[in-house]
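Asker: You'll find protein-v3.pdb just under this line, and it carries PDB, C-alpha atoms.
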ATOM      1  CA  MET E  52     123.680 -89.357 -51.793  1.00  0.00           C
ATOM      2  CA  SER E  53     122.941 -92.178 -49.330  1.00  0.00           C
ATOM      3  CA  GLU E  54     122.856 -95.846 -50.307  1.00  0.00           C
ATOM      4  CA  HIS E  55     119.094 -95.830 -49.917  1.00  0.00           C
ATOM      5  CA  GLU E  56     118.720 -92.788 -52.163  1.00  0.00           C
ATOM      6  CA  VAL E  57     120.955 -94.361 -54.813  1.00  0.00           C
ATOM      7  CA  ASP E  58     118.800 -97.490 -54.706  1.00  0.00           C
ATOM      8  CA  ARG E  59     115.599 -95.475 -55.014  1.00  0.00           C
ATOM      9  CA  GLU E  60     116.965 -93.415 -57.890  1.00  0.00           C
ATOM     10  CA  LEU E  61     118.220 -96.497 -59.708  1.00  0.00           C
ATOM     11  CA  ALA E  62     114.907 -98.298 -59.225  1.00  0.00           C
ATOM     12  CA  GLU E  63     113.025 -95.285 -60.551  1.00  0.00           C
ATOM     13  CA  ARG E  64     115.216 -94.913 -63.630  1.00  0.00           C
ATOM     14  CA  LEU E  65     115.432 -98.605 -64.445  1.00  0.00           C
ATOM     15  CA  GLN E  66     111.722 -99.156 -63.911  1.00  0.00           C
ATOM     16  CA  GLY E  67     111.034 -96.195 -66.181  1.00  0.00           C
ATOM     17  CA  HIS E  68     113.322 -97.759 -68.736  1.00  0.00           C
ATOM     18  CA  PHE E  69     112.029-101.332 -68.620  1.00  0.00           C
ATOM     19  CA  ALA E  70     108.509-101.118 -67.253  1.00  0.00           C
ATOM     20  CA  LEU E  71     105.621-102.464 -69.298  1.00  0.00           C
ATOM     21  CA  ASP E  72     102.266-100.775 -68.922  1.00  0.00           C
ATOM     22  CA  GLN E  73      99.011-102.701 -69.206  1.00  0.00           C
ATOM     23  CA  GLU E  74      98.615-101.846 -72.878  1.00  0.00           C
ATOM     24  CA  GLN E  75     102.114-103.099 -73.739  1.00  0.00           C
ATOM     25  CA  GLU E  76     101.567-106.253 -71.701  1.00  0.00           C
ATOM     26  CA  ASP E  77      98.278-106.930 -73.533  1.00  0.00           C
ATOM     27  CA  LEU E  78      99.986-106.350 -76.868  1.00  0.00           C
ATOM     28  CA  LEU E  79     102.824-108.729 -75.986  1.00  0.00           C
ATOM     29  CA  TRP E  80     100.355-111.389 -74.923  1.00  0.00           C
ATOM     30  CA  ALA E  81      98.340-110.960 -78.146  1.00  0.00           C
ATOM     31  CA  ARG E  82     101.497-111.313 -80.257  1.00  0.00           C
ATOM     32  CA  PHE E  83     102.572-114.331 -78.242  1.00  0.00           C
ATOM     33  CA  ALA E  84      99.153-115.974 -78.665  1.00  0.00           C
ATOM     34  CA  ALA E  85      99.293-115.382 -82.445  1.00  0.00           C
ATOM     35  CA  ARG E  86     102.795-116.845 -82.658  1.00  0.00           C
ATOM     36  CA  ARG E  87     101.762-119.857 -80.602  1.00  0.00           C
ATOM     37  CA  GLU E  88      98.739-120.430 -82.817  1.00  0.00           C
ATOM     38  CA  ALA E  89     100.902-120.269 -85.952  1.00  0.00           C
ATOM     39  CA  LEU E  90     103.225-122.816 -84.389  1.00  0.00           C
ATOM     40  CA  GLN E  91     100.293-125.092 -83.536  1.00  0.00           C
ATOM     41  CA  TRP E  92      99.089-124.942 -87.153  1.00  0.00           C
ATOM     42  CA  GLN E  93     102.581-125.708 -88.413  1.00  0.00           C
ATOM     43  CA  ALA E  94     102.771-128.731 -86.127  1.00  0.00           C
ATOM     44  CA  PHE E  95      99.310-129.836 -87.259  1.00  0.00           C
ATOM     45  CA  ALA E  96     100.259-129.470 -90.951  1.00  0.00           C
ATOM     46  CA  ALA E  97     103.469-131.445 -90.374  1.00  0.00           C
ATOM     47  CA  ALA E  98     101.553-134.210 -88.568  1.00  0.00           C
ATOM     48  CA  LEU E  99      99.015-134.283 -91.390  1.00  0.00           C
ATOM     49  CA  ALA E 100     101.759-134.549 -94.025  1.00  0.00           C
ATOM     50  CA  LEU E 101     103.321-137.384 -92.053  1.00  0.00           C
ATOM     51  CA  ALA E 102      99.987-139.158 -91.750  1.00  0.00           C
ATOM     52  CA  ASN E 103      99.392-138.752 -95.509  1.00  0.00           C
ATOM     53  CA  ALA E 104     102.834-140.133 -96.258  1.00  0.00           C
ATOM     54  CA  SER E 105     102.131-143.090 -93.958  1.00  0.00           C
ATOM     55  CA  MET E 106      98.782-143.685 -95.658  1.00  0.00           C
ATOM     56  CA  ARG E 107     100.503-143.669 -99.051  1.00  0.00           C
ATOM     57  CA  SER E 108     103.014-146.233 -97.775  1.00  0.00           C
ATOM     58  CA  VAL E 109     100.188-148.389 -96.434  1.00  0.00           C
ATOM     59  CA  ARG E 110      98.344-148.125 -99.764  1.00  0.00           C
ATOM     60  CA  ARG E 111     101.510-149.023-101.676  1.00  0.00           C
ATOM     61  CA  ALA E 112     102.119-151.996 -99.412  1.00  0.00           C
ATOM     62  CA  ALA E 113      98.497-153.079 -99.755  1.00  0.00           C
ATOM     63  CA  THR E 114      98.657-152.808-103.539  1.00  0.00           C
ATOM     64  CA  TRP E 115     101.881-154.797-103.615  1.00  0.00           C
ATOM     65  CA  PHE E 116     100.433-157.432-101.279  1.00  0.00           C
ATOM     66  CA  THR E 117      97.194-157.719-103.267  1.00  0.00           C
ATOM     67  CA  GLY E 118      99.224-158.026-106.516  1.00  0.00           C
ATOM     68  CA  GLU E 119     101.324-160.791-105.005  1.00  0.00           C
ATOM     69  CA  ARG E 120      98.253-162.648-103.872  1.00  0.00           C
ATOM     70  CA  THR E 121      96.633-162.280-107.288  1.00  0.00           C
ATOM     71  CA  ARG E 122      99.790-163.527-108.980  1.00  0.00           C
ATOM     72  CA  GLY E 123     100.159-166.340-106.449  1.00  0.00           C
TER      73      GLY E 123
ATOM     74  CA  MET K 287      92.269-116.135 -68.569  1.00  0.00           C
ATOM     75  CA  ASP K 288      93.762-119.630 -68.662  1.00  0.00           C
ATOM     76  CA  ASP K 289      96.576-120.900 -66.461  1.00  0.00           C
ATOM     77  CA  PHE K 290      99.290-120.288 -69.040  1.00  0.00           C
ATOM     78  CA  GLU K 291      98.175-116.720 -69.711  1.00  0.00           C
ATOM     79  CA  ARG K 292      98.307-116.035 -65.974  1.00  0.00           C
ATOM     80  CA  PHE K 293     101.804-117.506 -65.859  1.00  0.00           C
ATOM     81  CA  TYR K 294     102.819-115.358 -68.850  1.00  0.00           C
ATOM     82  CA  ARG K 295     101.463-112.143 -67.366  1.00  0.00           C
ATOM     83  CA  GLU K 296     103.030-112.829 -63.964  1.00  0.00           C
ATOM     84  CA  ASN K 297     106.494-113.264 -65.442  1.00  0.00           C
ATOM     85  CA  VAL K 298     106.634-111.339 -68.704  1.00  0.00           C
ATOM     86  CA  ARG K 299     108.022-108.173 -67.124  1.00  0.00           C
ATOM     87  CA  LEU K 300     110.984-110.035 -65.632  1.00  0.00           C
ATOM     88  CA  VAL K 301     111.755-111.958 -68.813  1.00  0.00           C
ATOM     89  CA  ALA K 302     111.349-108.877 -71.042  1.00  0.00           C
ATOM     90  CA  ALA K 303     113.615-106.819 -68.777  1.00  0.00           C
ATOM     91  CA  ILE K 304     116.363-109.470 -68.739  1.00  0.00           C
ATOM     92  CA  ALA K 305     116.098-109.809 -72.516  1.00  0.00           C
ATOM     93  CA  ALA K 306     116.285-106.028 -72.983  1.00  0.00           C
ATOM     94  CA  GLY K 307     119.260-105.831 -70.618  1.00  0.00           C
ATOM     95  CA  ARG K 308     121.027-108.495 -72.653  1.00  0.00           C
ATOM     96  CA  VAL K 309     120.375-107.376 -76.218  1.00  0.00           C
ATOM     97  CA  GLY K 310     119.428-103.693 -76.081  1.00  0.00           C
ATOM     98  CA  ASP K 311     117.485-103.774 -79.349  1.00  0.00           C
ATOM     99  CA  PRO K 312     113.738-103.749 -78.444  1.00  0.00           C
ATOM    100  CA  ILE K 313     112.659-105.928 -81.389  1.00  0.00           C
ATOM    101  CA  GLN K 314     115.238-108.568 -80.627  1.00  0.00           C
ATOM    102  CA  ALA K 315     114.379-108.344 -76.933  1.00  0.00           C
ATOM    103  CA  GLU K 316     110.719-109.038 -77.684  1.00  0.00           C
ATOM    104  CA  ASP K 317     111.710-111.935 -79.893  1.00  0.00           C
ATOM    105  CA  LEU K 318     113.752-113.447 -77.052  1.00  0.00           C
ATOM    106  CA  THR K 319     110.892-112.896 -74.632  1.00  0.00           C
ATOM    107  CA  GLN K 320     108.350-114.604 -76.861  1.00  0.00           C
ATOM    108  CA  GLU K 321     110.710-117.466 -77.693  1.00  0.00           C
ATOM    109  CA  THR K 322     111.272-118.032 -73.955  1.00  0.00           C
ATOM    110  CA  PHE K 323     107.549-118.329 -73.353  1.00  0.00           C
ATOM    111  CA  LEU K 324     107.079-120.575 -76.384  1.00  0.00           C
ATOM    112  CA  ARG K 325     109.627-122.944 -74.830  1.00  0.00           C
ATOM    113  CA  ALA K 326     107.768-122.661 -71.530  1.00  0.00           C
ATOM    114  CA  TRP K 327     104.504-123.504 -73.292  1.00  0.00           C
ATOM    115  CA  GLN K 328     106.094-126.518 -75.002  1.00  0.00           C
ATOM    116  CA  HIS K 329     107.319-127.770 -71.599  1.00  0.00           C
ATOM    117  CA  TYR K 330     104.402-126.478 -69.583  1.00  0.00           C
ATOM    118  CA  ALA K 331     103.396-129.884 -68.237  1.00  0.00           C
ATOM    119  CA  HIS K 332     106.768-129.884 -66.450  1.00  0.00           C
ATOM    120  CA  VAL K 333     107.032-126.129 -65.733  1.00  0.00           C
ATOM    121  CA  ALA K 334     103.541-125.925 -64.217  1.00  0.00           C
ATOM    122  CA  GLU K 335     104.487-128.544 -61.641  1.00  0.00           C
ATOM    123  CA  LEU K 336     107.392-126.457 -60.322  1.00  0.00           C
ATOM    124  CA  PRO K 337     107.044-124.172 -57.295  1.00  0.00           C
ATOM    125  CA  ALA K 338     106.939-120.441 -58.173  1.00  0.00           C
ATOM    126  CA  PRO K 339     110.665-119.671 -57.502  1.00  0.00           C
ATOM    127  CA  ALA K 340     111.738-122.674 -59.601  1.00  0.00           C
ATOM    128  CA  ARG K 341     109.418-121.615 -62.420  1.00  0.00           C
ATOM    129  CA  ARG K 342     111.020-118.192 -62.362  1.00  0.00           C
ATOM    130  CA  ALA K 343     114.474-119.817 -62.309  1.00  0.00           C
ATOM    131  CA  TRP K 344     113.476-121.912 -65.337  1.00  0.00           C
ATOM    132  CA  LEU K 345     112.437-118.789 -67.256  1.00  0.00           C
ATOM    133  CA  VAL K 346     115.579-116.866 -66.270  1.00  0.00           C
ATOM    134  CA  ARG K 347     117.788-119.772 -67.355  1.00  0.00           C
ATOM    135  CA  THR K 348     115.950-120.101 -70.654  1.00  0.00           C
ATOM    136  CA  VAL K 349     116.032-116.407 -71.572  1.00  0.00           C
ATOM    137  CA  ARG K 350     119.733-116.214 -70.696  1.00  0.00           C
ATOM    138  CA  ASN K 351     120.543-119.284 -72.799  1.00  0.00           C
ATOM    139  CA  LEU K 352     118.555-117.914 -75.725  1.00  0.00           C
ATOM    140  CA  ALA K 353     120.303-114.539 -75.374  1.00  0.00           C
ATOM    141  CA  THR K 354     123.689-116.279 -75.412  1.00  0.00           C
ATOM    142  CA  ASP K 355     122.696-118.276 -78.510  1.00  0.00           C
ATOM    143  CA  ALA K 356     121.508-115.086 -80.227  1.00  0.00           C
ATOM    144  CA  TRP K 357     124.776-113.357 -79.343  1.00  0.00           C
ATOM    145  CA  ARG K 358     126.818-116.282 -80.750  1.00  0.00           C
ATOM    146  CA  ARG K 359     124.791-116.194 -83.968  1.00  0.00           C
ATOM    147  CA  ARG K 360     125.344-112.459 -84.276  1.00  0.00           C
ATOM    148  CA  VAL K 361     129.091-112.832 -83.743  1.00  0.00           C
ATOM    149  CA  ARG K 362     129.228-115.520 -86.432  1.00  0.00           C
ATOM    150  CA  GLU K 363     127.194-113.439 -88.880  1.00  0.00           C
ATOM    151  CA  GLU K 364     129.044-110.184 -88.358  1.00  0.00           C
ATOM    152  CA  ALA K 365     132.682-109.776 -89.249  1.00  0.00           C
ATOM    153  CA  ALA K 366     133.158-107.483 -86.274  1.00  0.00           C
ATOM    154  CA  PRO K 367     130.911-106.399 -83.422  1.00  0.00           C
ATOM    155  CA  PRO K 368     129.314-102.977 -83.872  1.00  0.00           C
ATOM    156  CA  PRO K 369     131.478-100.206 -82.441  1.00  0.00           C
ATOM    157  CA  ALA K 370     130.403 -99.119 -78.982  1.00  0.00           C
ATOM    158  CA  GLY K 371     131.009 -95.458 -79.863  1.00  0.00           C
ATOM    159  CA  PRO K 372     131.997 -92.702 -77.500  1.00  0.00           C
ATOM    160  CA  PRO K 373     129.423 -91.425 -75.041  1.00  0.00           C
ATOM    161  CA  SER K 374     127.487 -88.501 -76.418  1.00  0.00           C
ATOM    162  CA  GLU K 375     126.050 -85.638 -74.416  1.00  0.00           C
ATOM    163  CA  GLN K 376     122.989 -85.840 -76.628  1.00  0.00           C
ATOM    164  CA  PHE K 377     121.968 -89.268 -75.324  1.00  0.00           C
ATOM    165  CA  ASP K 378     118.507 -89.289 -73.826  1.00  0.00           C
ATOM    166  CA  LEU K 379     117.644 -91.175 -70.663  1.00  0.00           C
ATOM    167  CA  ARG K 380     116.900 -94.384 -72.548  1.00  0.00           C
ATOM    168  CA  LEU K 381     120.345 -94.494 -74.095  1.00  0.00           C
ATOM    169  CA  ASP K 382     121.923 -93.428 -70.804  1.00  0.00           C
ATOM    170  CA  VAL K 383     120.423 -96.432 -69.091  1.00  0.00           C
ATOM    171  CA  ASP K 384     121.405 -98.733 -71.948  1.00  0.00           C
ATOM    172  CA  GLN K 385     124.921 -97.450 -71.868  1.00  0.00           C
ATOM    173  CA  ALA K 386     125.239 -97.690 -68.102  1.00  0.00           C
ATOM    174  CA  LEU K 387     124.052-101.297 -68.227  1.00  0.00           C
ATOM    175  CA  ALA K 388     126.409-102.041 -71.097  1.00  0.00           C
ATOM    176  CA  GLU K 389     129.300-101.236 -68.756  1.00  0.00           C
ATOM    177  CA  LEU K 390     128.319-104.205 -66.618  1.00  0.00           C
ATOM    178  CA  PRO K 391     129.031-107.831 -67.489  1.00  0.00           C
ATOM    179  CA  ALA K 392     125.940-109.513 -69.006  1.00  0.00           C
ATOM    180  CA  GLU K 393     125.300-111.615 -65.892  1.00  0.00           C
ATOM    181  CA  ASP K 394     125.380-108.550 -63.659  1.00  0.00           C
ATOM    182  CA  ARG K 395     122.849-106.827 -65.908  1.00  0.00           C
ATOM    183  CA  ASP K 396     120.434-109.632 -65.054  1.00  0.00           C
ATOM    184  CA  LEU K 397     121.005-109.004 -61.350  1.00  0.00           C
ATOM    185  CA  VAL K 398     120.386-105.286 -61.699  1.00  0.00           C
ATOM    186  CA  VAL K 399     117.183-105.864 -63.635  1.00  0.00           C
ATOM    187  CA  MET K 400     115.927-108.397 -61.097  1.00  0.00           C
ATOM    188  CA  ARG K 401     116.796-106.125 -58.185  1.00  0.00           C
ATOM    189  CA  TYR K 402     115.688-102.738 -59.443  1.00  0.00           C
ATOM    190  CA  VAL K 403     112.998-103.525 -61.994  1.00  0.00           C
ATOM    191  CA  GLU K 404     111.385-106.539 -60.373  1.00  0.00           C
ATOM    192  CA  GLY K 405     112.239-105.564 -56.779  1.00  0.00           C
ATOM    193  CA  MET K 406     113.568-109.054 -56.027  1.00  0.00           C
ATOM    194  CA  ASN K 407     115.796-109.406 -52.965  1.00  0.00           C
ATOM    195  CA  SER K 408     119.192-111.123 -52.902  1.00  0.00           C
ATOM    196  CA  ARG K 409     117.704-114.421 -51.718  1.00  0.00           C
ATOM    197  CA  GLU K 410     115.121-114.504 -54.516  1.00  0.00           C
ATOM    198  CA  ILE K 411     117.742-113.576 -57.117  1.00  0.00           C
ATOM    199  CA  GLY K 412     120.048-116.257 -55.735  1.00  0.00           C
ATOM    200  CA  GLU K 413     117.264-118.826 -56.072  1.00  0.00           C
ATOM    201  CA  ALA K 414     116.524-117.777 -59.631  1.00  0.00           C
ATOM    202  CA  LEU K 415     120.174-117.952 -60.677  1.00  0.00           C
ATOM    203  CA  GLY K 416     121.328-120.842 -58.527  1.00  0.00           C
ATOM    204  CA  THR K 417     123.926-118.594 -56.881  1.00  0.00           C
ATOM    205  CA  PRO K 418     124.581-118.122 -53.133  1.00  0.00           C
ATOM    206  CA  GLU K 419     122.833-115.118 -51.596  1.00  0.00           C
ATOM    207  CA  GLY K 420     126.108-113.640 -50.293  1.00  0.00           C
ATOM    208  CA  THR K 421     127.610-113.665 -53.775  1.00  0.00           C
ATOM    209  CA  ILE K 422     124.556-111.881 -55.149  1.00  0.00           C
ATOM    210  CA  ARG K 423     124.778-109.259 -52.414  1.00  0.00           C
ATOM    211  CA  ARG K 424     128.468-108.596 -53.182  1.00  0.00           C
ATOM    212  CA  ARG K 425     127.888-108.395 -56.909  1.00  0.00           C
ATOM    213  CA  LEU K 426     124.964-106.038 -56.404  1.00  0.00           C
ATOM    214  CA  LEU K 427     127.217-103.771 -54.338  1.00  0.00           C
ATOM    215  CA  ASP K 428     129.719-103.647 -57.207  1.00  0.00           C
ATOM    216  CA  CYS K 429     126.937-102.932 -59.695  1.00  0.00           C
ATOM    217  CA  ARG K 430     125.575-100.184 -57.485  1.00  0.00           C
ATOM    218  CA  GLN K 431     128.996 -98.526 -57.439  1.00  0.00           C
ATOM    219  CA  VAL K 432     129.243 -98.525 -61.229  1.00  0.00           C
ATOM    220  CA  LEU K 433     125.685 -97.331 -61.680  1.00  0.00           C
ATOM    221  CA  SER K 434     125.796 -94.660 -59.000  1.00  0.00           C
ATOM    222  CA  ALA K 435     128.840 -93.163 -60.733  1.00  0.00           C
ATOM    223  CA  ARG K 436     126.619 -92.941 -63.820  1.00  0.00           C
ATOM    224  CA  LEU K 437     123.816 -91.508 -61.766  1.00  0.00           C
ATOM    225  CA  ARG K 438     126.038 -88.614 -60.794  1.00  0.00           C
ATOM    226  CA  GLN K 439     126.509 -87.864 -64.488  1.00  0.00           C
ATOM    227  CA  TRP K 440     122.758 -88.015 -65.164  1.00  0.00           C
ATOM    228  CA  ALA K 441     121.816 -85.776 -62.267  1.00  0.00           C
ATOM    229  CA  PRO K 442     121.530 -82.039 -62.904  1.00  0.00           C
ATOM    230  CA  GLU K 443     124.584 -80.000 -61.943  1.00  0.00           C
ATOM    231  CA  GLY K 444     125.055 -79.968 -58.166  1.00  0.00           C
ATOM    232  CA  ALA K 445     122.098 -82.249 -57.420  1.00  0.00           C
ATOM    233  CA  VAL K 446     124.187 -85.230 -56.293  1.00  0.00           C
TER     234      VAL K 446
END
Let's see the structure in the file written out as structure tokens.

Answerer:
Amino acid sequence: MSEHEVDRELAERLQGHFALDQEQEDLLWARFAARREALQWQAFAAALALANASMRSVRRAATWFTGERTRG
Amino acid sequence: MDDFERFYRENVRLVAAIAAGRVGDPIQAEDLTQETFLRAWQHYAHVAELPAPARRAWLVRTVRNLATDAWRRRVREEAAPPPAGPPSEQFDLRLDVDQALAELPAEDRDLVVMRYVEGMNSREIGEALGTPEGTIRRRLLDCRQVLSARLRQWAPEGAV
């Protein structure tokens, strides 16, 4: 078997083993897009929780400040 | 189709093949593939600015690093690696290919996948891996020797 034939045979077998057809590629993309969207929602929820926590801190500070002023 | 989807579709075959060559298990390979592209998406402002060979190099580096991390985690979780098992005559082509690749060091599996699945030449592989072209050519020769010995076993009696 010549070097060229070995290469061709290997390419054929490995491509058969690893190749993705259009349907598989579409499916992979769809799963990726879903995973990315879930990640975006997670990030959004985390940012929202952080913003809420910050708002609570601001409210607490405001309440404390107002109380001080009233007492003063 | 947006820019990122185009980027994904252009490169998913390469990344999926490297991942499959590294981990064997199709579910884990898909997980590595998707994780690689999630990282790419998170850094896309940077990745999109790179020229095509450097983008490919970025993906190859990322999937290899993730595969190494996954392998380390597996080693930590398992008391012992799963036994390789003796070769069986009942193996189908899929397992034959897996087993032949398993005989190669992990880094050489990447080369074989890039060469024979993606049809990349030694220069392109060298660019993607940051390795001199001559070194790639030599390593590919060694890989070809190992794999062609396997090929002789796969071929029907007297065909090779």

Asker: Should the cut-off be 12 Å, what would the residue list for chain E against chain K look like, counting only C-alpha atoms, as a PyMOL selection string?

Answerer: chain E and resi 52-73+75-91+94

Asker: Quick one: pull the distance between CA of Ala334 (chain K) and CA of Val301 (chain K), Å, one decimal.

Answerer: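 Interatomic distance, CA of Ala334 (chain K) to CA of Val301 (chain K): 16.8 Å.
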
Asker: Counting all atoms listed in the file, which residues sit no farther than 12 Å from the position (121.6, -118.2, -74.8) in the file's frame? I'd like them as a list in words.

Answerer: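 Protein, DNA and RNA residues close to (121.6, -118.2, -74.8): Ile304, Ala305, Arg308, Val309, Leu318, Thr319, Glu321, Thr322, Leu345, Val346, Arg347, Thr348, Val349, Arg350, Asn351, Leu352, Ala353, Thr354, Asp355, Ala356, Trp357, Arg358, Arg359, Arg360, Ala392 and Glu393 of chain K.
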
Asker: Quick check, in Å to one decimal: how far apart do CA of Ser408 (chain K) and CA of His329 (chain K) lie?

Answerer: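 Rounded to one decimal, the two atoms are 27.7 Å apart.
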
Asker: For this file, the PyMOL selection byres ((chain K and resi 337-340) around 12) selects which residues, as a list in words?

Answerer: Phe293, Glu296, Asn297, His332, Val333, Ala334, Glu335, Leu336, Arg341, Arg342, Ala343, Trp344, Leu345, Val346, Arg347, Met406, Arg409, Glu410, Ile411, Gly412, Glu413, Ala414, Leu415 and Gly416 of chain K

Asker: Give me, please, the distance in Å between CA of Leu397 (chain K) and CA of Arg425 (chain K), quoted to one decimal.

Answerer: 8.2 Å

Asker: For each of K:Ile422, K:Asp311, K:Arg325, K:Ala331, take the minimum atom-to-atom distance to Asp289 (chain K), counting only C-alpha atoms, then give the residue where this is smallest.

Answerer: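 Nearest to Asp289 (chain K): K:Ala331.
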